[in-house]
Amino acid sequence: MSITAQNLPAILTSGPTQLLIGGKWVDASSGKTFATVNPSTGETIAQIAEGDREDIDRAVAAARHAFDEGPWRKFKPYDRQEIILRLADLVDRHFEEFAVIDAMEMGEPITRRTNARRRILSLLRYYAGMATAIHGETVENSMPGGDFTTFTRKEPVGVVGAIVPWNGPMVSWIWKLGPVLATGCTAVYKPSEEASLSAIRLAELLCETGIPDGVVNIVTGFGHGAGAALAAHPGVDKIAFTGSVETGQKILMASAGNLKRVTLELGGKSPDIVFADADMDLAVPGAAMACFGNTGQVCSAGTRLLIEDTIYDEFNERLAAYAKTLKVGSALETETQIGPLVSQKQLARVSSYLDLGRAEGAKVISGGERLTDAGRDRGYFVPPTVFRDVEPDMRIAREEIFGPVVGTMPFSGLEEAARRGNDTHFGLGSGVWTRDVSKAHYLANNIRAGSVWINCYQMMDPAMPFGGYKMSGYGRESGIAQFDDYLNVKAVWIRTA
Ligand code: NAD
């Protein structure tokens with residue numbers, strides 16, 4: 001796709017971005033900005049307002065006012081539904097712009113935009129539907145001494161602080177925004193410092209929907225500034241966080257001051273298990289893209305590839321051959337399948353794991369070195385990398401790398417597959433490739449992870465819950481289960497006789 005000064009999204013040409021507080025676009029109170037960089041070229045593409053504690057105070061006050069006293073309280077479920085549907089229509093109309101922004105700011109290949117569009121619009125429309133489907137229950141009670149009518153009400157939890165990472169800026173935002181609007185909460189949103197632009201553009205469109213001032217506020221900035229202030233703020237009722245385990249732990253501790261509710265969508269080291277009876281034409285590309293999709297910057301990526309010992313060599317050969325066919329390049333090129341890593345920092349992190357894997361004794365059979373040839377010399381490109389002969393206690397088998405790096409290990413038999421699969425502190429995704437329905441069910445029951453994908457990987461639907469076991473966190477994104485995290489349940493007793 002050729003981007004020129006004429007078709008560049010306006011957000012990239014209109015000067016430093018601002019914060020959205022109480023319905024007004026304003027500069028950060030410090031006046032500071034920071035640069036955001038195109039990872040395909042290493043060039044600065046925009047200056048972002050650097051919000052900090054003072055801005056978070058103002059944004060929380062605006063969200064608090066909108067929740068406690070504003071017209072939002074009087075919005076019926078149907079009215080909130082309309083806001084979300086209007087937003088969906090606006091996003092649909094402007095989707096190409098979002099695809100370009102995310103390609104230029106975080107390196108998401110532009111070729112993913114057809115799937116991304118469907119995913120984002122289906123999520124928004126699902127949340128719109130849910131706005132009119134939330135209800136309490138009437139409950140039969142056994143209370144002696146009179147007649148009592150008892151029922152429950154579901155009420156919005158209040159002001160939500162949403163803090164997200166950079167690797168799926170639109171989806172992460174909508175996963176938080178959708179339930180906020182559907183349930184009648186208000187929000188202060190802190191995007192990642194690596195990918196603020198699509199969140200800001202989405203908020204601009206939100207302002208066109210007729211949403212009251214202060215219902216949604218955006219404070220861009222860094223984790224140690226705006227993020228930490230939001231997590232600790234006494235005016236916030238709930239933090240919805242997606243990001244790393246280390247930050248999740250800090251947020252949990254910061255939340256203790258007012259015992260705010262916390263949901264945590266954290267990292268992973270997901271097992272992907274291939275049996276000898278699998279359909280190899282499905283399993284080879286499936287296992288490759290389970291790890292290499294979005295340049296491996298996916299929390300539930302299948303990075304521990306467990307292969308039945310009888311096909312270990314053959315499968316590794318086919319996997320490495322497939323990995324070498326994947327086209328790595330600028331996120332805006334229409335042939336690109338694997339884009340750059342998001343930042344110089346992430347490049348350094350992934351490169352250090354490439355060195356570590358070799359030092360630990362694993363064998364590289366595809367990729368393994370940063371690409372610095374013509375056209376890729378200034379970007380942060382790492383090719384799909386396959387390490388074979390990985391041992392379960394190696395650090396590359398235990399730690400989240402968050403790049404296009406898969407480690408393969410042999411296993412023997414069903415029970416060992418389950419044991420090896422569960423040999424991790426994480427529990428986010430998992431995959432199984434087999435034609436045997438008994439093996440599929442056994443592993444669906446015995447893998448301790450929030451998602452089990454059988455003969456497929458990374459399937460997502462607005463109606464299906466997504467989230468973690470163990471140190472991958474708690475709470476769910478999408479699906480009915482998510483709504484309880486944004487709602488309080490009130491018990492009402494009425495003496496009727
Ligand atoms: P990160 O934890 O460094 O940052 C995430 C967000 O937290 C950013 O907005 C950051 O500014 C903010 N932050 C940082 N320090 C903070 C603090 N002390 N207090 C409050 N906020 C703070 O993560 P990242 O590098 O942006 O993203 C990658 C991580 O996210 C990976 O571990 C990945 O697995 C995880 N992730 C999880 C999911 C999921 O659904 N489970 C989805 C995507 C990414």
# chains A, B, ... in the order shown; residues from 1 in each chain; ligands from 1
>>> closest_atom_pairs(of="chain A", to="ligand 1", cutoff="8 Å", atoms="only C-alpha atoms and all ligand atoms", output="CSV")
residue,atom,partner,partner_atom_place_in_ligand_line,distance
A:Ile163,CA,ligand 1,9 (O),5.2
A:Val164,CA,ligand 1,9 (O),4.6
A:Pro165,CA,ligand 1,26 (O),3.5
A:Trp166,CA,ligand 1,26 (O),5.1
A:Asn167,CA,ligand 1,43 (C),5.9
A:Gly168,CA,ligand 1,43 (C),6.6
A:Ser172,CA,ligand 1,42 (C),7.1
A:Lys190,CA,ligand 1,9 (O),6.0
A:Pro191,CA,ligand 1,9 (O),5.0
A:Ser192,CA,ligand 1,9 (O),3.5
A:Glu193,CA,ligand 1,11 (O),5.7
A:Glu194,CA,ligand 1,26 (O),7.4
A:Gly221,CA,ligand 1,11 (O),6.9
A:Phe222,CA,ligand 1,11 (O),4.6
A:Gly223,CA,ligand 1,11 (O),3.3
A:His224,CA,ligand 1,18 (N),4.9
A:Gly225,CA,ligand 1,17 (C),7.7
A:Ala226,CA,ligand 1,20 (C),7.2
A:Gly227,CA,ligand 1,21 (N),3.6
A:Ala228,CA,ligand 1,19 (N),3.5
A:Ala229,CA,ligand 1,20 (C),7.1
A:Leu230,CA,ligand 1,20 (C),6.9
A:Ala231,CA,ligand 1,20 (C),5.6
A:Phe241,CA,ligand 1,7 (O),7.3
A:Thr242,CA,ligand 1,37 (C),5.1
A:Gly243,CA,ligand 1,30 (O),3.1
A:Ser244,CA,ligand 1,32 (O),3.4
A:Val245,CA,ligand 1,32 (O),6.2
A:Glu246,CA,ligand 1,2 (O),6.5
A:Thr247,CA,ligand 1,2 (O),4.5
A:Gly248,CA,ligand 1,2 (O),6.7
A:Lys250,CA,ligand 1,18 (N),5.6
A:Ile251,CA,ligand 1,19 (N),5.5
A:Ala254,CA,ligand 1,19 (N),7.8
A:Leu264,CA,ligand 1,41 (N),7.4
A:Glu265,CA,ligand 1,41 (N),3.6
A:Leu266,CA,ligand 1,41 (N),4.0
A:Gly267,CA,ligand 1,34 (O),3.0
A:Gly268,CA,ligand 1,34 (O),5.5
A:Gln297,CA,ligand 1,33 (C),7.3
A:Val298,CA,ligand 1,43 (C),6.0
A:Cys299,CA,ligand 1,34 (O),3.5
A:Ser300,CA,ligand 1,34 (O),6.9
A:Glu400,CA,ligand 1,32 (O),6.9
A:Phe402,CA,ligand 1,31 (C),6.7
A:Leu428,CA,ligand 1,41 (N),6.8
A:Phe466,CA,ligand 1,40 (O),7.2
A:Gly467,CA,ligand 1,41 (N),6.0
A:Gly468,CA,ligand 1,41 (N),6.6
A:Ser472,CA,ligand 1,41 (N),6.3
A:Gly473,CA,ligand 1,41 (N),7.2
A:Glu477,CA,ligand 1,40 (O),7.4
>>> closest_atom_pairs(of="region 318-337 of chain A", to="region 96-101 of chain A", cutoff="12 Å", atoms="only C-alpha atoms", output="CSV")
residue,atom,partner,partner_atom,distance
A:Ser330,CA,A:Val100,CA,11.8
A:Ala331,CA,A:Val100,CA,8.9
A:Leu332,CA,A:Val100,CA,7.4
A:Glu333,CA,A:Val100,CA,10.9
A:Thr334,CA,A:Val100,CA,11.7
>>> select_by_dssp(residues="region 274-448 of chain A", states="helix (DSSP H, G or I)", output="NGL selection string")
:A and (280-296 or 309-325 or 344-360 or 395-398 or 414-421 or 437-446)
>>> residues_around(residues="region 152-156 of chain A", least_positions_apart="2", cutoff="12 Å", atoms="only C-alpha atoms", output="MDAnalysis selection string")
chainID A and resid 67:68 72:73 77 131 133:140 149:150 158:160 179:187 237:238 483:494
>>> select_by_dssp(residues="region 105-342 of chain A", states="strand (DSSP E or B)", output="PyMOL selection string")
chain A and resi 138-139+148-156+159-163+186-190+192+195+216-218+238-242+261-265+271-274+304-308+328+338
